[in-house]
Protein chains: 2
Amino acid sequence: MNDPLKVAVAGLGTVGAGVVKLLADHKDLLAARAGRPVVVSAVSARSRTRDRGVDLSSYAWFDDPVALVREAKADVVVELIGGSDGPAKAVCETALDLGRPVVTANKALLAHHGLALAARAEATGAGLWFEAAVAGGIPIIKALREGLAANRIDALHGILNGTCNYILTTMRESGRDFADVLAEAQALGYAEADPGFDIDGIDAAHKLALLASLAFHVPVDLGGVSIQGIRHISSLDIRFADELGYRIKLLAMARRTAEGVEQRVAPVMVPLDAPLAHVEGVNNAVVTEGDFVGRSVFQGRGAGAGPTASAVVADLIDLARGHKVPVFGVPSSALSVLPRAEPEDHVGRYYVRLMVVDRPGVFAEVAAALRDEQVSMESVLQRARDPGETVPVVMTLHDTGEAAMTRALARIGAIDAMVEPPRVIRIEQF
Amino acid sequence: MNDPLKVAVAGLGTVGAGVVKLLADHKDLLAARAGRPVVVSAVSARSRTRDRGVDLSSYAWFDDPVALVREAKADVVVELIGGSDGPAKAVCETALDLGRPVVTANKALLAHHGLALAARAEATGAGLWFEAAVAGGIPIIKALREGLAANRIDALHGILNGTCNYILTTMRESGRDFADVLAEAQALGYAEADPGFDIDGIDAAHKLALLASLAFHVPVDLGGVSIQGIRHISSLDIRFADELGYRIKLLAMARRTAEGVEQRVAPVMVPLDAPLAHVEGVNNAVVTEGDFVGRSVFQGRGAGAGPTASAVVADLIDLARGHKVPVFGVPSSALSVLPRAEPEDHVGRYYVRLMVVDRPGVFAEVAAALRDEQVSMESVLQRARDPGETVPVVMTLHDTGEAAMTRALARIGAIDAMVEPPRVIRIEQF
C-alpha cells in the first residue's frame, strides 16, 4: 500500500466532525478507492473540550489553525472554519503559499477572494478544491470542471439554498405564512437565528458566482449578482402560483447573453413540468445547458454534515489519486472578464399581484398604465369582489421588457386604491 | 503549451463523427481546460468514402482498426466500433496490452468482458474509460468512481434506455398502443429496425451491470440481472397507472441486500412524487443512495451523437490532465463476488390486471386465491360491468412476497373466466 495522504482539519463544527467520522468509518473502503489510506493527522478548533461525537485523541491538536498549517506536516489542509476573511482566509493563504493543497467548504471565502486564491494556488501548484462549497450532496463542481468539460456551457440555474426551499415548500404544503414557517425552521435548526444570509439570497449568490465562473470562465463576480430574497413572498402568492400551474422557487440563474453575463438570485415561478418544480424541502438542484450534451440536471441534499463531508472527502480522494484540475476549470490567466448583463435588459413573463380597495374604475387605470407602456396581459384573476374591501388582483404578463414593466408598475403603485406596492415575480419556462 | 494528446478514433459512425466534430469545434476551449491540445491523429472505419459531415482529410486513415492501434502512435485509442466481441474487443485488448489507454462507449463489450479488460488495463497501467457507455448525457461513471466515492452506495436505480422511455411517455401522452408507438419510434430513428435489444431490456441490463459493479465493487455480473422488457405493457395499464397516481417506467435497479446483490430491469410503477416519475421522452436518469450523502439524482440525455461525444471527450480531458482512476472504482483484485439475491425473495407492492369475462362468482374465486396465499388487496378498480363482456379488473396488492403472489396468480390465471394471463407490474415507492 502506498503512503497515506495525511490530512489536517481546521475547524471542527458539524462538518469538520463529519469529515473526521467519515474518514474513520470508511477507512478501508477509501484506501481501496484512493489507492492509499486517507488519514487525519492533525486538527484545530477553538474549544478542545467540546464533545463532538468523534474520537479526536489520536490526532495532533493545534489551538491556532495557522500553526496547524505550518507545523502539522500534513499533505493537505481541509479548511472548515468558515467566514470570508479572518482565520479561514489566513489558513488557505498560508497553505497555498507553502504549496499545500487546500480543500474547503467555504463559499463566502471563495466568492469574495476566489480569483486571488486561485492565482496563489497556481503560483505554487498547490491546488484548491471546493466541491463542498456548493450543494454538498451534488458533485456539481466536478461536473463543471470535468464531467461536462467537453461543452461550452451557456446557462445554468439551480436551487442552491436549502433553507429557502424548505420554507417555500412548507408554505405551499401547509398554507402558512412566511414568518410562521421561518420561526419553525429556526426551531428545527434548518434556519439560523440570524436568517438573512439565507433568506435574503446572499448564500445562494455566493454559490452562483462560483458556478458562473466555472461555467463561463469568468472571474468570480459576486458584485455582479442581482439578489432578491424570499421575505416578500406571501402565502397568497404561493396559492395563486398553484392555481396558475406554477411553483415558486428561489432560483440562482446565470446566462451568457449577447451583452455579457447575467447573474440573478430571485424567487421565480416555474411551470410544473420544469426540472426543478418538484425539488422540495432542503434539497438542492442544478440544471446546466451544454452545447453538445444538452440539458443535465443534478439533484441532492444541499447541506448538513453527511453530504458536506461526502464532498470534502471526494476531493481528498482526488488528491490521493494525484489528480490536478485548474481551480476554475481553466488557468486563472484564461479567465476573461465579460460585461455584466443588466437585469433591465431582461425580457420575459411576469406575475404581478396588486392589493386593491375595490372601487369602480381602478381596473381601467391599471389597464391604461400597462397599455401606455405596451405591456400586454396574459391572464387576470380576481376574487371576492365586495365593494370597498381590499382584494388581490393577480395578472400574468406576456413577454415584456423589465424596464417598461417597472415604469408601468410605478404608475400603478401610485393609484390611490393600491393598499401596498405591487408584488412582482418573474415567470421562467426553462 | 504542453504536448498535445494524440487520439486515434476507431469507428466513425454517428458518435465517432461527433467526437471528431467536438474536438475540432472546441479546440481552444479544450486546450485551455485540459492544459494541452487534444487532437485526432488517426482514424479507422469500414468505408473511406462515406460522407460523415466532418473533414477527415488531415488524419491518417487505417482500414484495419487493430493496425490503427499498433501503428498510429496515438496516446489514447477511442473505441466506437460497438459489439461485444470481434474488432471492438480486439482493438481494446491490443491497446491495453500495449499500455495505451482506451476510451470506449461500448456497454455490451464491458458488460460481457469488463473484468477481464480491467485486469488487462491494470497489468500495463493503461486505464480504461467508459463514461460514454452509460447515459452519455449524465456523468454517472465519474459520479460513482469519484464524486460519490466517499460513500458506501447501497442502492441505485435509473431510466437507462431512452427508447423505452420515449415509447412509454408517448403511449401515455397519446393513449396509443405499444406496437403503434414502436413503429413510429422506428420511423423517427429512436428505435432500431430490430428493436429487441432496447425494448426487451437488454441494453438497460448491460448498463445496470456496469453501474452495480462500480457502486458495490462486485465483478460485472450481466448474468445476474433479471430482465423484463416493455412489450407486454398495454395502453390499458398506462391508463390505470395514471388513474392510480403512478407512472410506468422501465427501471434498472440494483440493491445490496442481506442476501447479496439484486439486479433487475423491469417496468415498474412509481408514484408521481418519485424522482424519476417526471423524466420523460428520450431522457435518462439515475438515482443513487449513499450512506453519507443520501439520495442524489442525475438526469440528462441518454444517447445521440452530442451527449455521447461529450462523455467521450470528458474522458479524454481527464487523460490529458494525467488522471488515473481504477476501472471499476477499486483495483479489480478488490472486487468481491457477492451472491445473487433472487427476485423471489422480493417483498413489495404489485399492480395486477386481469381480463375477465364477467360472470357471477369470478371475483369470489379471485379473492379466495389471494386469501389462501395471504396476499392482501389494497384497492380494486373495475368498470363497465356488462355481463358476458370482457372487462379489465385491476388490483393493487399490499406488501407481499413475490413467491406467494406468483402462486396466487397461477391459480387465478387458471379460472375459466380469465381471457388472458394476469399482468403484473411491481410498484416501487422510492
# chains A, B, ... in the order shown; residues from 1 in each chain; ligands from 1

$ closest_atom_pairs --of "chain A" --to "chain B" --cutoff "6 Å" --atoms "only C-alpha atoms" --output "JSON lines"
{"residue": "A:Ala32", "atom": "CA", "partner": "B:Val330", "partner_atom": "CA", "distance": 5.6}
{"residue": "A:Arg33", "atom": "CA", "partner": "B:Val330", "partner_atom": "CA", "distance": 4.8}
{"residue": "A:Gly137", "atom": "CA", "partner": "B:Val293", "partner_atom": "CA", "distance": 5.4}
{"residue": "A:Pro139", "atom": "CA", "partner": "B:Gly147", "partner_atom": "CA", "distance": 5.4}
{"residue": "A:Gly147", "atom": "CA", "partner": "B:Pro139", "partner_atom": "CA", "distance": 5.4}
{"residue": "A:Ala149", "atom": "CA", "partner": "B:Ala314", "partner_atom": "CA", "distance": 5.8}
{"residue": "A:Ala150", "atom": "CA", "partner": "B:Ser310", "partner_atom": "CA", "distance": 5.4}
{"residue": "A:Phe292", "atom": "CA", "partner": "B:Gly306", "partner_atom": "CA", "distance": 4.5}
{"residue": "A:Val293", "atom": "CA", "partner": "B:Pro307", "partner_atom": "CA", "distance": 4.0}
{"residue": "A:Arg295", "atom": "CA", "partner": "B:Gly300", "partner_atom": "CA", "distance": 6.0}
{"residue": "A:Ser296", "atom": "CA", "partner": "B:Gly300", "partner_atom": "CA", "distance": 4.4}
{"residue": "A:Val297", "atom": "CA", "partner": "B:Gln299", "partner_atom": "CA", "distance": 4.8}
{"residue": "A:Phe298", "atom": "CA", "partner": "B:Phe298", "partner_atom": "CA", "distance": 4.7}
{"residue": "A:Gln299", "atom": "CA", "partner": "B:Val297", "partner_atom": "CA", "distance": 4.8}
{"residue": "A:Gly300", "atom": "CA", "partner": "B:Ser296", "partner_atom": "CA", "distance": 4.4}
{"residue": "A:Gly306", "atom": "CA", "partner": "B:Phe292", "partner_atom": "CA", "distance": 4.5}
{"residue": "A:Pro307", "atom": "CA", "partner": "B:Val293", "partner_atom": "CA", "distance": 4.0}
{"residue": "A:Ser310", "atom": "CA", "partner": "B:Ala150", "partner_atom": "CA", "distance": 5.3}
{"residue": "A:Val313", "atom": "CA", "partner": "B:Ala150", "partner_atom": "CA", "distance": 5.7}
{"residue": "A:Ala314", "atom": "CA", "partner": "B:Ala150", "partner_atom": "CA", "distance": 5.5}
{"residue": "A:His323", "atom": "CA", "partner": "B:His323", "partner_atom": "CA", "distance": 5.3}
{"residue": "A:Gly329", "atom": "CA", "partner": "B:Arg33", "partner_atom": "CA", "distance": 5.9}
{"residue": "A:Val330", "atom": "CA", "partner": "B:Arg33", "partner_atom": "CA", "distance": 4.8}

$ write_last_selection --atoms "N, CA, C and O atoms" --output "mmCIF file, in the first residue's frame"
data_model
loop_
_atom_site.group_PDB
_atom_site.id
_atom_site.type_symbol
_atom_site.label_atom_id
_atom_site.label_comp_id
_atom_site.auth_asym_id
_atom_site.auth_seq_id
_atom_site.Cartn_x
_atom_site.Cartn_y
_atom_site.Cartn_z
ATOM 1 N N ALA A 32 -9.064 1.580 -0.515
ATOM 2 C CA ALA A 32 -9.189 0.800 -1.758
ATOM 3 C C ALA A 32 -9.476 1.722 -2.937
ATOM 4 O O ALA A 32 -8.940 1.537 -4.028
ATOM 5 N N ARG A 33 -10.321 2.709 -2.722
ATOM 6 C CA ARG A 33 -10.678 3.601 -3.824
ATOM 7 C C ARG A 33 -9.549 4.570 -4.163
ATOM 8 O O ARG A 33 -9.299 4.859 -5.326
ATOM 9 N N GLY A 137 -24.351 17.688 -1.534
ATOM 10 C CA GLY A 137 -24.854 16.397 -1.989
ATOM 11 C C GLY A 137 -24.805 16.213 -3.495
ATOM 12 O O GLY A 137 -25.196 15.163 -3.999
ATOM 13 N N PRO A 139 -22.306 16.491 -6.860
ATOM 14 C CA PRO A 139 -20.939 16.754 -7.343
ATOM 15 C C PRO A 139 -20.943 17.706 -8.549
ATOM 16 O O PRO A 139 -20.524 17.343 -9.648
ATOM 17 N N GLY A 147 -16.761 16.534 -15.748
ATOM 18 C CA GLY A 147 -17.749 15.696 -16.436
ATOM 19 C C GLY A 147 -18.376 16.350 -17.663
ATOM 20 O O GLY A 147 -18.686 15.676 -18.644
ATOM 21 N N ALA A 149 -16.897 18.979 -19.187
ATOM 22 C CA ALA A 149 -15.847 19.884 -19.668
ATOM 23 C C ALA A 149 -15.701 19.903 -21.183
ATOM 24 O O ALA A 149 -15.006 20.754 -21.731
ATOM 25 N N ALA A 150 -16.340 18.981 -21.885
ATOM 26 C CA ALA A 150 -16.267 18.996 -23.347
ATOM 27 C C ALA A 150 -17.189 20.046 -23.952
ATOM 28 O O ALA A 150 -17.144 20.289 -25.152
ATOM 29 N N PHE A 292 -23.061 20.484 -26.562
ATOM 30 C CA PHE A 292 -23.125 19.127 -27.116
ATOM 31 C C PHE A 292 -24.017 18.211 -26.273
ATOM 32 O O PHE A 292 -24.762 17.395 -26.785
ATOM 33 N N VAL A 293 -23.940 18.346 -24.967
ATOM 34 C CA VAL A 293 -24.616 17.399 -24.079
ATOM 35 C C VAL A 293 -26.101 17.737 -23.886
ATOM 36 O O VAL A 293 -26.892 16.886 -23.510
ATOM 37 N N ARG A 295 -29.241 19.467 -21.945
ATOM 38 C CA ARG A 295 -29.575 19.791 -20.559
ATOM 39 C C ARG A 295 -29.235 18.639 -19.615
ATOM 40 O O ARG A 295 -29.615 17.495 -19.871
ATOM 41 N N SER A 296 -28.540 18.938 -18.535
ATOM 42 C CA SER A 296 -28.290 17.954 -17.489
ATOM 43 C C SER A 296 -28.865 18.500 -16.186
ATOM 44 O O SER A 296 -28.840 19.703 -15.947
ATOM 45 N N VAL A 297 -29.382 17.608 -15.356
ATOM 46 C CA VAL A 297 -29.981 18.008 -14.085
ATOM 47 C C VAL A 297 -29.334 17.196 -12.963
ATOM 48 O O VAL A 297 -29.207 15.978 -13.074
ATOM 49 N N PHE A 298 -28.946 17.888 -11.908
ATOM 50 C CA PHE A 298 -28.295 17.250 -10.772
ATOM 51 C C PHE A 298 -29.070 17.622 -9.525
ATOM 52 O O PHE A 298 -29.373 18.791 -9.318
ATOM 53 N N GLN A 299 -29.361 16.635 -8.692
ATOM 54 C CA GLN A 299 -30.167 16.918 -7.506
ATOM 55 C C GLN A 299 -29.639 16.153 -6.306
ATOM 56 O O GLN A 299 -29.217 14.998 -6.441
ATOM 57 N N GLY A 300 -29.664 16.781 -5.137
ATOM 58 C CA GLY A 300 -29.222 16.096 -3.934
ATOM 59 C C GLY A 300 -29.376 17.013 -2.738
ATOM 60 O O GLY A 300 -29.853 18.143 -2.868
ATOM 61 N N GLY A 306 -23.419 15.124 6.700
ATOM 62 C CA GLY A 306 -23.169 13.982 5.821
ATOM 63 C C GLY A 306 -22.834 14.384 4.395
ATOM 64 O O GLY A 306 -21.757 14.052 3.887
ATOM 65 N N PRO A 307 -23.731 15.098 3.710
ATOM 66 C CA PRO A 307 -23.442 15.483 2.329
ATOM 67 C C PRO A 307 -22.189 16.359 2.198
ATOM 68 O O PRO A 307 -21.413 16.190 1.254
ATOM 69 N N SER A 310 -19.167 14.242 2.633
ATOM 70 C CA SER A 310 -19.023 13.425 1.419
ATOM 71 C C SER A 310 -18.274 14.197 0.335
ATOM 72 O O SER A 310 -17.393 13.656 -0.339
ATOM 73 N N VAL A 313 -14.532 14.746 1.305
ATOM 74 C CA VAL A 313 -13.729 13.531 1.180
ATOM 75 C C VAL A 313 -13.566 13.131 -0.292
ATOM 76 O O VAL A 313 -12.538 12.571 -0.679
ATOM 77 N N ALA A 314 -14.560 13.435 -1.138
ATOM 78 C CA ALA A 314 -14.386 13.184 -2.582
ATOM 79 C C ALA A 314 -13.171 13.964 -3.096
ATOM 80 O O ALA A 314 -12.355 13.444 -3.868
ATOM 81 N N HIS A 323 -4.725 13.644 -8.709
ATOM 82 C CA HIS A 323 -5.353 14.454 -9.750
ATOM 83 C C HIS A 323 -5.032 15.932 -9.574
ATOM 84 O O HIS A 323 -4.872 16.421 -8.462
ATOM 85 N N GLY A 329 -11.517 25.593 -13.565
ATOM 86 C CA GLY A 329 -11.696 24.826 -14.803
ATOM 87 C C GLY A 329 -10.667 25.135 -15.871
ATOM 88 O O GLY A 329 -10.395 24.300 -16.732
ATOM 89 N N VAL A 330 -10.133 26.346 -15.849
ATOM 90 C CA VAL A 330 -9.022 26.743 -16.732
ATOM 91 C C VAL A 330 -8.046 27.550 -15.861
ATOM 92 O O VAL A 330 -8.421 28.023 -14.793
#

$ residues_around --residues "Tyr350 of chain A" --least-positions-apart "3" --cutoff "10 Å" --atoms "only C-alpha atoms" --output "list in words"
Val268, Met269, Val347, Arg353, Met377, Glu378, Met395, Thr396, Leu397, His398, Asp399, Thr400, Gly401, Glu402, Met405, Val424, Ile425, Arg426, Ile427 and Glu428 of chain A

$ closest_residue --among "A:Thr390, A:Gln429, A:Gln374, A:Ala205" --to "Ala404 of chain A" --atoms "only C-alpha atoms"
A:Gln374

$ select_by_dssp --residues "segment 254-420 of chain B" --states "strand (DSSP E or B)" --output "PyMOL selection string"
chain B and resi 254-256+261-271+283-290+294-301+340+347-357+377-382+390-401+418-420

$ closest_residue --among "B:Pro219, B:Gly158, B:Gly127, B:Gly175" --to "His113 of chain B" --atoms "only C-alpha atoms"
B:Pro219

$ residues_around --residues "Val102 of chain A" --least-positions-apart "5" --cutoff "8 Å" --atoms "only C-alpha atoms" --output "MDAnalysis selection string"
chainID A and resid 76:79 92 95:96 126:129

$ residues_around --residues "Val265 of chain B" --least-positions-apart "2" --cutoff "10 Å" --atoms "only C-alpha atoms" --output "NGL selection string"
:B and (157-160 or 200-206 or 208 or 225-229 or 250-254 or 263 or 267-268)

$ write_last_selection --atoms "C-alpha atoms" --output "short mmCIF file (atom, residue, chain, number, x, y, z; two decimals), in the first residue's frame"
data_model
loop_
_atom_site.label_atom_id
_atom_site.label_comp_id
_atom_site.auth_asym_id
_atom_site.auth_seq_id
_atom_site.Cartn_x
_atom_site.Cartn_y
_atom_site.Cartn_z
CA HIS B 157 -31.97 2.79 -9.88
CA GLY B 158 -32.43 4.52 -13.15
CA ILE B 159 -34.01 5.02 -16.52
CA LEU B 160 -31.17 3.81 -18.72
CA ASP B 200 -36.57 -6.32 -24.15
CA GLY B 201 -34.38 -4.58 -21.57
CA ILE B 202 -31.02 -5.98 -22.67
CA ASP B 203 -29.37 -2.61 -23.28
CA ALA B 204 -30.52 -1.39 -19.86
CA ALA B 205 -29.21 -4.61 -18.30
CA HIS B 206 -25.74 -4.04 -19.80
CA LEU B 208 -27.04 -1.70 -14.94
CA VAL B 225 -29.60 -9.31 -13.96
CA SER B 226 -33.23 -10.39 -14.02
CA ILE B 227 -34.56 -8.83 -17.23
CA GLN B 228 -38.07 -7.96 -18.31
CA GLY B 229 -38.87 -5.60 -21.19
CA LEU B 250 -38.64 0.75 -17.41
CA LEU B 251 -36.28 0.86 -14.47
CA ALA B 252 -32.88 -0.69 -13.93
CA MET B 253 -32.47 -1.35 -10.22
CA ALA B 254 -29.61 -2.69 -8.14
CA GLN B 263 -30.11 -6.57 -10.15
CA PRO B 267 -41.28 -1.97 -15.96
CA VAL B 268 -42.22 -0.50 -12.62
#

$ closest_residue --among "B:Val7, B:Leu12, B:Leu110, B:Val38" --to "Arg50 of chain B" --atoms "only C-alpha atoms"
B:Leu12

$ atom_distance --atom1 "atom CA of Ala369 of chain A" --atom2 "atom CA of Pro422 of chain A"
13.1 Å

$ closest_residue --among "B:Leu5, B:Ser234, B:Arg407, B:Ser376" --to "Arg423 of chain B" --atoms "only C-alpha atoms"
B:Ser234

$ closest_residue --among "A:Leu222, A:Ala72, A:Ala183, A:Val66" --to "Ala209 of chain A" --atoms "only C-alpha atoms"
A:Leu222

$ atom_distance --atom1 "atom CA of Asp194 of chain A" --atom2 "atom CA of Ala179 of chain A"
13.2 Å

$ select_by_dssp --residues "segment 232-383 of chain A" --states "helix (DSSP H, G or I)" --output "PyMOL selection string"
chain A and resi 235-244+305-320+332-334+343-345+362-372

$ residues_around --residues "Asp75 of chain A" --least-positions-apart "6" --cutoff "10 Å" --atoms "only C-alpha atoms" --output "ChimeraX atom specification"
/A:4-8,41,69,95,99-102,319-320
